[in-house]
Structure formats: C-alpha cells, structure tokens
Amino acid sequence: MRLPRRVRLVLLGAVAPAVASLLVLAASSMLQGPSIDSLYWLREQVHGPRPAPDPSPVVVVGIDEETYRRPPFAGTPQALWGPRLGTVLGAMLDGGAAAIGLDLVHPTSVETLIPGFERDYLLTLRRGGKEGRLVLAKVQHQSDPLMPYRGYMIAAGVNNVRSVNLVEDADGVLRRVPLTLSVAGPDGQPKAEPGMAVEVASRALKAPLERGADGSATLAGYRVPGGEGNRLLVNHATAAGAIPTYSLADLHACAEAGKADFFARHFKGKAVMVGTVLDVEDRKLSSNRWVTKPEGMNLPERCALPVMSDLYVAGRTRDSIPGVYIHAAAISNLIAHDALEETGRPAAAALVLLLAGLAAVVTLATRPAVAAAGLLLLLAGWSGVAVQAFQGGLVLPYLQAALAALLVFPLALGFRFAVLDRDQRHIRNAFKLYLPGSLIDDMIASGQSPSLGGEERDLSILFCDIAGFTKMSEGMEPEALVAVLNRYFTVMTDIIEAHGGFVDKYIGDAVLAVFGAPYAIDNHARAAVSAALAMHQAMADDPTLLATASGRGSNRTGIATGPALIGNIGSPRRFNYTVMGDTVNLASRLEGANKYYNSVLMVSGETVRHHGDPEAFRALDIVQVVGRSEPVEVFEPLSEARRADPEDRAQRAAYAAALEHWRAGRFEAAAAGFRALVAADGAALAMLHKAEKRIGQPAGPDWTGVTALTDK
C-alpha cells in the first residue's frame, strides 16, 4: 500500500534532525567554548551583570600601575620589593586572612648578593607557611617547572608551593581551571597535586580536595562540577569590581601606618590572591570576554592613599582580564559552591536532537515562509531556556542545538522536494525491510516484482538471542530500550552481512540469519561460524553494547547446518523471503542449550563437518533437544586466540579426556577430570554435575552418553 504523501513527507523529513545533529555533534567540542561565551552575553542582557557573593569570600591584592608609580616602589627594581611585600603579607596574616596565594614567581633573590636584606620577608614567609595560610607559585612546564627562589621555598616550606598554570581551550580562551596537575613525587613517580586555586580554597576552608571512586572531586562537602574531567568551569561574576581589589601601594602605606584594624575589617576570614593587574602584563582571554566592565570601578575602601586620578580611562573596556582574577573567580566558586556544570554528553546529544526534531516539525508542518518565522520563535524559546539554566549554573549545549535547528531547515525543505521523485527508489523502500538487498537489486534490474515460491537448499542457520534481557530492561522506558536494541541489532546485522549472510528476521530480542541463500557462497558453515565469533568479539570489544542502568545483557548463539526451505512465502498480498524447517528449529534449540553448558557459542556436528576444520572446535557433549528424536553432537567454536593459546589447548585436551570417560561410562574418572577444570571452564562445571549424579551407578549396556534437554 502506498503511503499518503503527507505521511511519506514526515517519514523522510525525520532523517533531517538526525543528519543535522550528527553534523553538529561532530563539531561539538569546537562549538562548546563559544557557546559558553554566548551564554555569558545572553545572561547579561536578560539578568544584568552577575554580582559576586556578598560578602566576597576572596579578594585580590594587585600589583598595579599605582604601585609602580608610588614611593617606595617607584624607581626601585622589583627584585628589591621583597621586604615591602613581606610587610603587607604580615599585616594580612595579622588581620586574620584565611589563606594567601602569591600569583608571582620570583626565581632569583638579592639575598644572595646582600645577605640579610630579605630577612624579615623570609620570616613572614616562614610564618605563613608554618600556619598553613601561605601558598607560593610555580609554573609547570613540560620539562622542569619554573620554581621560586630556593630560599623562599625553604622559608615557606616546599609543601606550600603550587602551580598557577591555566590551560587554554583550542581557541586560546581560558574557561577552565585545572583542579590538579601531574608533578613528580619524591619517588620520581607522577602524582596529582592541587593547583593554586584549589589549594588556596582548601586552605581557606580547612578541608582537603577529596577524590571519589568515580573520579569525582569534593571540597568541604561540595561536589565540584567537572571533577571527573579534572577541570573546573569558572563562573565569573561580571559586575564591575565584583572581586574587591586592593592596591599593594595603599596596603603598604596602611601597614606602615600601623592601621591593623583596616586589615582585620577587610581580610579576616578571606582568601587572598596577590598578583599583577597591569594593562599589558599577564592578561588573558576568558569566557566573560564579551561582558567585561571598565576597570577601576566600585573599588573597595582605601586605607592610607587616595586613588590616583589618571590611572583609568573612563568607559574603556577590554576583552582580556589579568590572570589573577581567573584564579580568584575559581576560588570564589569553590567556596560559594556556584561553579558552572556542563551537561553530560548523552544529555547534550539528546537536547540537540530534540531541538532539531522540533525544527523539523516546524519546517514540515507549513509553508517555508511561515516555517522560517516559527523557527525563529523556536530559537528564541531555546535561548530563554538556555539562559535560565545558565543563571542556575547549568551549561546547556546552546550553540550546538541552535545550529542543528538551523541546519534542519534546508535539509527538511530538500526532503520535501525530493520525496515526490522516484519509481525505483519506491520499489527499494517498499521491500527493503523484508527482502535481501541482492533480491531487490535483481527485481529493480528486471522491472519485475517478486512472486511466491520456494526451494529446499543446504544452508547454515544462525540463531542469536540475548541472555539477561529481562534484567537489563528493568525500569527502562520503551524508547530507551528500543534505542539500546536497535544499536545492538545494527552491529550484529552489519557483521552478519559482512560475512555473506542475511538477516531473515528479528524475533523479539533474537536474530535469525541465513548463510547460503539467496546466493550460494563457498562455505556457508565456515561463514556462519566466523560471523558468530565476530559477533561475540564485538560484544567483548564494546562494553556499551546492551549496557543499561539495570545491567548488561549478553548474547548466545546456536548454528545448525542442513536442508531448509527458503523462498517467498506468504500470501499474494503479503509475503516474506524467509527460511523454515528442522534445521532452523535445531539452531534455535542449540542457542538455548548454551545455558546448560555455560557457553555462548554452540554448533551442530553437521556444521563442523561442513566447516572442514575440526581443530576450530571442541566437542561439548551429545544432546537430544526438544522436538527432535535424533541426538546431535554439539561443539564450541574456537577463536584464533584460543587456538593459539597453549594453556587453553591443554585445558581442551583435559576436557576431551574427561568427556571420553563420560561417554564410556567411567563416571568417577569423568567427574575427577571435569572437577579439575571447573575454575576456568563453565562447560566442565555442567558436565561435573551430571557425572557426580552418576557416580556409583553402572553405565549399563544401553548407555550412550546422550543428554536429554527438557527446555527449549
């Protein structure tokens, strides 16, 4: 029956979201950065600048232009600033600063030239390190790190030095702060060491960073987003002056004046970052680059010196910020528990596909001009959803989904115009779900439709079923279960077809495949066995196949070789190209027999004989399956790896010897042989149970060693 045009239109148009989503997801990693930056801009337009927590848990002490201009720093080489920096550090420690991080690396010191010049500075470093409130900076290079002067490290303590590295994304923008970095431990082996931001936050909270078994990171009870990937996505406060910044020059004058109460008011309980905040030095592009504010606004209270009048240009904004603010923002996120969390890959892919699907519906439901307007409304709604999620700290795949929706528009329109065109393709689509591709090719070439009829052929039948299907599907939504099965069936079908077989049908969660028809192949038994081994290997290579939250299913396969009826069978109005007969039933029974022998692959003796290489199998037993009067010898196919393994070869020989005892009625000897193999051989365990039940019983003259299977 020919489907109505509208139905065909919708069915064909359903391809557009999938294609658009795949294209976008392939480039998702490149789009994620600009997507985050876009959400900063959109959030600013909807909600205004994001303020920092009140009060801010972190402050910055800036080595700014004012510091370089004012005495006693002006005209003095920075190498001689140690004692003055020590004065400010001591005042902050006296004022109750919870933790201080120095985003400065001074690899040399004048102490080597002027002994005693930095004595007070070294004593301050020693005090801060001993109290666990001071962290020095190093820069981790690919080879040796750039370390502070050795005397500084000895004074502060070598365990109080942390890396200030910030890792750029591929587009050169700093959006994430590494939680830990790999460094060489005392034994020379690499170990994970917290970065500067994590270390300062940890000291301020008096709690270490902890790793869970799943790779997650927790700090003082806060599960850090991105901990599994070891990178914190920084959530910048974008209000002007969001992180209070104090000039080093003003604080030095304040400390010299003995105004200890100022330090107590502004630094008590705070995490402090000390670093350069100049116009040209150590400036970075960050994810808030499109919403930066003019500098010098909303400065905190001054202590001893007024702000220099000519430091800042009114209204001037720059897309870069000093690197110390990235560390400070990360510390604030860790203390205030407001870091950004990115949507996981499966959820992100689902959202992209959802928006692409909605765009397809909009595009196909009406005229192109109206569809374009509807698409704009859809994108506006998506922007609103993404911004609200971002305001709450969740990063949705904003640009990825929007781009997928935009790509769907031309793709879906193309389907609308292409759907009316084709006769041959109509024939292929009409029969491809129940006829082999080779028959359809012949049908199209001849211009004739298939007719009823069949023939008996010697074939190999493969029957593969899922074990543990009930457990793995527990609690799953039908759509999710179908997705898992479809992916599994796709992999299995591709393997079957690659080995010259075709899938006759899917029976629930089982696959019935035929080798040797519709076209003959050189050795259909060998092809069927190779396909079964490849299917088993695919399950081992990809642990996500048949994997669900409730557990993972596995598959079992049975192969039988013999005569079977195959052809176009049914009624003149509806028929299938299918196979039937005793060989098909036997393949199904052998699949089920695997559970008795704890095996996953089982073939009949006839399959082994047609295969032609008896060394590629091991004998398991002789069984009589339900519905069949004649017993059948059953074998287990061996992979190339097992055939080449000397240990496996020895175990197979031991199994064969025990099996010979079983068939000869020597049950005690059989049990002893199987018992020695049960640790590594599930089939031996099954045979052991049978042999132990026979111990003490005579074999009798009619003993054949046949196992009657009572279940299908």
# chains A, B, ... in the order shown; residues from 1 in each chain; ligands from 1
>>> residues_around(residues="Gly226 in chain A", least_positions_apart="2", cutoff="9 Å", atoms="only C-alpha atoms", output="JSON, numbers by chain")
{"A": [216, 217, 224, 228, 229, 230, 231, 232, 233, 340, 341, 342]}
>>> write_last_selection(atoms="all heavy atoms", output="PDB file, in the first residue's frame")
ATOM      1  N   SER A 216      35.115  11.690  40.860  1.00  0.00           N
ATOM      2  CA  SER A 216      34.577  12.986  41.258  1.00  0.00           C
ATOM      3  C   SER A 216      35.484  13.648  42.282  1.00  0.00           C
ATOM      4  O   SER A 216      36.270  13.000  42.964  1.00  0.00           O
ATOM      5  CB  SER A 216      33.172  12.818  41.835  1.00  0.00           C
ATOM      6  OG  SER A 216      33.215  12.002  42.992  1.00  0.00           O
ATOM      7  N   ALA A 217      35.368  14.965  42.383  1.00  0.00           N
ATOM      8  CA  ALA A 217      36.163  15.744  43.330  1.00  0.00           C
ATOM      9  C   ALA A 217      35.226  16.450  44.297  1.00  0.00           C
ATOM     10  O   ALA A 217      34.209  17.021  43.887  1.00  0.00           O
ATOM     11  CB  ALA A 217      37.030  16.758  42.592  1.00  0.00           C
ATOM     12  N   VAL A 224      32.523  19.085  43.263  1.00  0.00           N
ATOM     13  CA  VAL A 224      32.968  20.089  42.296  1.00  0.00           C
ATOM     14  C   VAL A 224      32.537  19.674  40.889  1.00  0.00           C
ATOM     15  O   VAL A 224      32.911  18.597  40.420  1.00  0.00           O
ATOM     16  CB  VAL A 224      34.496  20.257  42.353  1.00  0.00           C
ATOM     17  CG1 VAL A 224      34.943  21.336  41.377  1.00  0.00           C
ATOM     18  CG2 VAL A 224      34.943  20.602  43.774  1.00  0.00           C
ATOM     19  N   GLU A 228      35.304  15.029  37.459  1.00  0.00           N
ATOM     20  CA  GLU A 228      35.682  13.802  36.759  1.00  0.00           C
ATOM     21  C   GLU A 228      36.676  14.102  35.634  1.00  0.00           C
ATOM     22  O   GLU A 228      37.535  13.292  35.323  1.00  0.00           O
ATOM     23  CB  GLU A 228      34.446  13.118  36.181  1.00  0.00           C
ATOM     24  CG  GLU A 228      33.471  12.624  37.233  1.00  0.00           C
ATOM     25  CD  GLU A 228      32.506  13.688  37.720  1.00  0.00           C
ATOM     26  OE1 GLU A 228      32.680  14.871  37.327  1.00  0.00           O
ATOM     27  OE2 GLU A 228      31.605  13.362  38.500  1.00  0.00           O
ATOM     28  N   GLY A 229      36.539  15.271  35.007  1.00  0.00           N
ATOM     29  CA  GLY A 229      37.470  15.675  33.959  1.00  0.00           C
ATOM     30  C   GLY A 229      38.622  16.498  34.471  1.00  0.00           C
ATOM     31  O   GLY A 229      39.454  16.974  33.688  1.00  0.00           O
ATOM     32  N   ASN A 230      38.656  16.724  35.782  1.00  0.00           N
ATOM     33  CA  ASN A 230      39.758  17.437  36.456  1.00  0.00           C
ATOM     34  C   ASN A 230      39.830  18.908  36.074  1.00  0.00           C
ATOM     35  O   ASN A 230      40.880  19.523  36.198  1.00  0.00           O
ATOM     36  CB  ASN A 230      41.108  16.765  36.162  1.00  0.00           C
ATOM     37  CG  ASN A 230      42.161  17.150  37.174  1.00  0.00           C
ATOM     38  OD1 ASN A 230      41.877  17.276  38.364  1.00  0.00           O
ATOM     39  ND2 ASN A 230      43.379  17.360  36.719  1.00  0.00           N
ATOM     40  N   ARG A 231      38.721  19.489  35.607  1.00  0.00           N
ATOM     41  CA  ARG A 231      38.740  20.910  35.270  1.00  0.00           C
ATOM     42  C   ARG A 231      37.459  21.579  35.765  1.00  0.00           C
ATOM     43  O   ARG A 231      36.353  21.086  35.515  1.00  0.00           O
ATOM     44  CB  ARG A 231      38.873  21.119  33.763  1.00  0.00           C
ATOM     45  CG  ARG A 231      40.238  20.723  33.218  1.00  0.00           C
ATOM     46  CD  ARG A 231      40.414  21.168  31.783  1.00  0.00           C
ATOM     47  NE  ARG A 231      41.690  20.740  31.257  1.00  0.00           N
ATOM     48  CZ  ARG A 231      42.118  21.033  30.025  1.00  0.00           C
ATOM     49  NH1 ARG A 231      41.351  21.738  29.210  1.00  0.00           N
ATOM     50  NH2 ARG A 231      43.293  20.617  29.605  1.00  0.00           N
ATOM     51  N   LEU A 232      37.639  22.677  36.435  1.00  0.00           N
ATOM     52  CA  LEU A 232      36.517  23.470  36.943  1.00  0.00           C
ATOM     53  C   LEU A 232      36.177  24.539  35.916  1.00  0.00           C
ATOM     54  O   LEU A 232      37.042  25.336  35.514  1.00  0.00           O
ATOM     55  CB  LEU A 232      36.910  24.122  38.274  1.00  0.00           C
ATOM     56  CG  LEU A 232      35.942  25.165  38.829  1.00  0.00           C
ATOM     57  CD1 LEU A 232      34.751  24.461  39.454  1.00  0.00           C
ATOM     58  CD2 LEU A 232      36.623  26.044  39.852  1.00  0.00           C
ATOM     59  N   LEU A 233      34.918  24.559  35.454  1.00  0.00           N
ATOM     60  CA  LEU A 233      34.464  25.606  34.545  1.00  0.00           C
ATOM     61  C   LEU A 233      34.100  26.831  35.375  1.00  0.00           C
ATOM     62  O   LEU A 233      33.151  26.803  36.153  1.00  0.00           O
ATOM     63  CB  LEU A 233      33.266  25.118  33.731  1.00  0.00           C
ATOM     64  CG  LEU A 233      32.670  26.121  32.742  1.00  0.00           C
ATOM     65  CD1 LEU A 233      33.720  26.587  31.729  1.00  0.00           C
ATOM     66  CD2 LEU A 233      31.480  25.505  32.015  1.00  0.00           C
ATOM     67  N   LEU A 340      30.167  26.493  37.400  1.00  0.00           N
ATOM     68  CA  LEU A 340      29.304  26.067  36.298  1.00  0.00           C
ATOM     69  C   LEU A 340      29.449  24.562  36.068  1.00  0.00           C
ATOM     70  O   LEU A 340      30.544  23.997  36.175  1.00  0.00           O
ATOM     71  CB  LEU A 340      29.680  26.814  35.021  1.00  0.00           C
ATOM     72  CG  LEU A 340      29.360  28.309  34.992  1.00  0.00           C
ATOM     73  CD1 LEU A 340      29.970  28.955  33.754  1.00  0.00           C
ATOM     74  CD2 LEU A 340      27.861  28.559  35.045  1.00  0.00           C
ATOM     75  N   GLU A 341      28.330  23.922  35.757  1.00  0.00           N
ATOM     76  CA  GLU A 341      28.324  22.487  35.454  1.00  0.00           C
ATOM     77  C   GLU A 341      27.859  22.284  34.021  1.00  0.00           C
ATOM     78  O   GLU A 341      26.800  22.792  33.627  1.00  0.00           O
ATOM     79  CB  GLU A 341      27.408  21.739  36.412  1.00  0.00           C
ATOM     80  CG  GLU A 341      27.403  20.233  36.156  1.00  0.00           C
ATOM     81  CD  GLU A 341      26.647  19.463  37.220  1.00  0.00           C
ATOM     82  OE1 GLU A 341      26.035  20.125  38.079  1.00  0.00           O
ATOM     83  OE2 GLU A 341      26.675  18.229  37.196  1.00  0.00           O
ATOM     84  N   GLU A 342      28.640  21.552  33.235  1.00  0.00           N
ATOM     85  CA  GLU A 342      28.292  21.300  31.839  1.00  0.00           C
ATOM     86  C   GLU A 342      27.400  20.064  31.721  1.00  0.00           C
ATOM     87  O   GLU A 342      27.578  19.089  32.451  1.00  0.00           O
ATOM     88  CB  GLU A 342      29.556  21.114  31.012  1.00  0.00           C
ATOM     89  CG  GLU A 342      30.441  22.341  30.977  1.00  0.00           C
ATOM     90  CD  GLU A 342      31.707  22.142  30.164  1.00  0.00           C
ATOM     91  OE1 GLU A 342      31.644  22.289  28.928  1.00  0.00           O
ATOM     92  OE2 GLU A 342      32.746  21.854  30.772  1.00  0.00           O
TER      93      GLU A 342
END
>>> closest_atom_pairs(of="range 6-107 of chain A", to="range 344-360 of chain A", cutoff="7 Å", atoms="only C-alpha atoms", output="tab-separated table")
residue	atom	partner	partner_atom	distance
A:Gly13	CA	A:Ala360	CA	6.8
A:Ala16	CA	A:Ala360	CA	6.9
A:Pro17	CA	A:Ala356	CA	4.7
A:Ala18	CA	A:Leu353	CA	6.7
A:Ser21	CA	A:Leu353	CA	5.6
>>> select_by_dssp(residues="range 41-207 of chain A", states="alpha helix (DSSP H)", output="ChimeraX atom specification")
/A:41-47,65-69,82-94,119-130,150-156,196-205
>>> closest_residue(among="A:Asp522, A:Glu615, A:Glu455, A:Glu633", to="Thr578 in chain A", atoms="only C-alpha atoms")
A:Glu455
>>> atom_distance(atom1="CA of Leu459 in chain A", atom2="CA of Val623 in chain A")
21.3 Å
>>> residues_around(residues="Lys270 in chain A", least_positions_apart="6", cutoff="8 Å", atoms="only C-alpha atoms", output="list of chain:residue names")
A:Pro57, A:Val58, A:Val59, A:Gly96, A:Ala97, A:Ala98, A:Ala99, A:Ala204
>>> residues_around(residues="Asp144 in chain A", least_positions_apart="3", cutoff="10 Å", atoms="only C-alpha atoms", output="PyMOL selection string")
chain A and resi 139-141+147+183-184
>>> write_last_selection(atoms="N, CA and C atoms", output="PDB file, in the first residue's frame")
ATOM      1  N   VAL A 139      55.417  27.657  38.033  1.00  0.00           N
ATOM      2  CA  VAL A 139      54.806  27.475  36.719  1.00  0.00           C
ATOM      3  C   VAL A 139      55.270  26.140  36.184  1.00  0.00           C
ATOM      4  N   GLN A 140      54.306  25.255  35.912  1.00  0.00           N
ATOM      5  CA  GLN A 140      54.611  23.893  35.489  1.00  0.00           C
ATOM      6  C   GLN A 140      54.828  23.862  33.983  1.00  0.00           C
ATOM      7  N   HIS A 141      56.064  23.587  33.552  1.00  0.00           N
ATOM      8  CA  HIS A 141      56.364  23.438  32.140  1.00  0.00           C
ATOM      9  C   HIS A 141      56.367  21.957  31.775  1.00  0.00           C
ATOM     10  N   MET A 147      60.468  27.471  39.322  1.00  0.00           N
ATOM     11  CA  MET A 147      60.228  27.473  40.761  1.00  0.00           C
ATOM     12  C   MET A 147      60.630  28.799  41.384  1.00  0.00           C
ATOM     13  N   VAL A 183      52.650  16.141  38.830  1.00  0.00           N
ATOM     14  CA  VAL A 183      54.018  16.546  39.154  1.00  0.00           C
ATOM     15  C   VAL A 183      54.793  15.312  39.592  1.00  0.00           C
ATOM     16  N   ALA A 184      56.108  15.436  39.609  1.00  0.00           N
ATOM     17  CA  ALA A 184      56.950  14.329  40.055  1.00  0.00           C
ATOM     18  C   ALA A 184      56.978  14.298  41.573  1.00  0.00           C
TER      19      ALA A 184
END
>>> residues_around(residues="range 284-300 of chain A", least_positions_apart="6", cutoff="10 Å", atoms="only C-alpha atoms", output="count of residues only")
56
>>> atom_distance(atom1="CA of Pro178 in chain A", atom2="CA of Asp279 in chain A")
25.3 Å
>>> atom_distance(atom1="CA of Ala220 in chain A", atom2="CA of Leu205 in chain A")
6.9 Å
>>> select_by_dssp(residues="range 285-335 of chain A", states="strand (DSSP E or B)", output="list in words")
Leu285, Ser286, Ser320, Ile321 and Pro322 of chain A
>>> write_last_selection(atoms="all heavy atoms", output="PDB file, in the first residue's frame")
ATOM      1  N   LEU A 285      42.424  36.040  27.806  1.00  0.00           N
ATOM      2  CA  LEU A 285      41.048  35.961  27.311  1.00  0.00           C
ATOM      3  C   LEU A 285      40.316  34.906  28.124  1.00  0.00           C
ATOM      4  O   LEU A 285      40.801  33.794  28.292  1.00  0.00           O
ATOM      5  CB  LEU A 285      41.021  35.576  25.834  1.00  0.00           C
ATOM      6  CG  LEU A 285      41.465  36.627  24.818  1.00  0.00           C
ATOM      7  CD1 LEU A 285      41.497  36.023  23.431  1.00  0.00           C
ATOM      8  CD2 LEU A 285      40.544  37.838  24.848  1.00  0.00           C
ATOM      9  N   SER A 286      39.151  35.251  28.640  1.00  0.00           N
ATOM     10  CA  SER A 286      38.375  34.306  29.429  1.00  0.00           C
ATOM     11  C   SER A 286      36.948  34.254  28.903  1.00  0.00           C
ATOM     12  O   SER A 286      36.576  35.000  27.999  1.00  0.00           O
ATOM     13  CB  SER A 286      38.386  34.695  30.914  1.00  0.00           C
ATOM     14  OG  SER A 286      37.731  35.935  31.090  1.00  0.00           O
ATOM     15  N   SER A 320      40.223  41.197  27.637  1.00  0.00           N
ATOM     16  CA  SER A 320      41.102  40.363  28.448  1.00  0.00           C
ATOM     17  C   SER A 320      41.086  40.850  29.891  1.00  0.00           C
ATOM     18  O   SER A 320      40.765  42.013  30.166  1.00  0.00           O
ATOM     19  CB  SER A 320      42.535  40.399  27.903  1.00  0.00           C
ATOM     20  OG  SER A 320      43.053  41.719  27.953  1.00  0.00           O
ATOM     21  N   ILE A 321      41.437  39.947  30.804  1.00  0.00           N
ATOM     22  CA  ILE A 321      41.499  40.285  32.218  1.00  0.00           C
ATOM     23  C   ILE A 321      42.804  39.745  32.788  1.00  0.00           C
ATOM     24  O   ILE A 321      43.370  38.795  32.247  1.00  0.00           O
ATOM     25  CB  ILE A 321      40.302  39.699  33.002  1.00  0.00           C
ATOM     26  CG1 ILE A 321      40.309  38.166  32.938  1.00  0.00           C
ATOM     27  CG2 ILE A 321      38.992  40.278  32.518  1.00  0.00           C
ATOM     28  CD1 ILE A 321      39.255  37.502  33.806  1.00  0.00           C
ATOM     29  N   PRO A 322      43.312  40.322  33.859  1.00  0.00           N
ATOM     30  CA  PRO A 322      44.513  39.765  34.492  1.00  0.00           C
ATOM     31  C   PRO A 322      44.270  38.320  34.940  1.00  0.00           C
ATOM     32  O   PRO A 322      43.202  37.977  35.445  1.00  0.00           O
ATOM     33  CB  PRO A 322      44.753  40.696  35.681  1.00  0.00           C
ATOM     34  CG  PRO A 322      44.127  41.992  35.278  1.00  0.00           C
ATOM     35  CD  PRO A 322      42.925  41.612  34.470  1.00  0.00           C
TER      36      PRO A 322
END
>>> closest_residue(among="A:Met196, A:Ala380, A:Ala538, A:Val105", to="Thr180 in chain A", atoms="only C-alpha atoms")
A:Met196
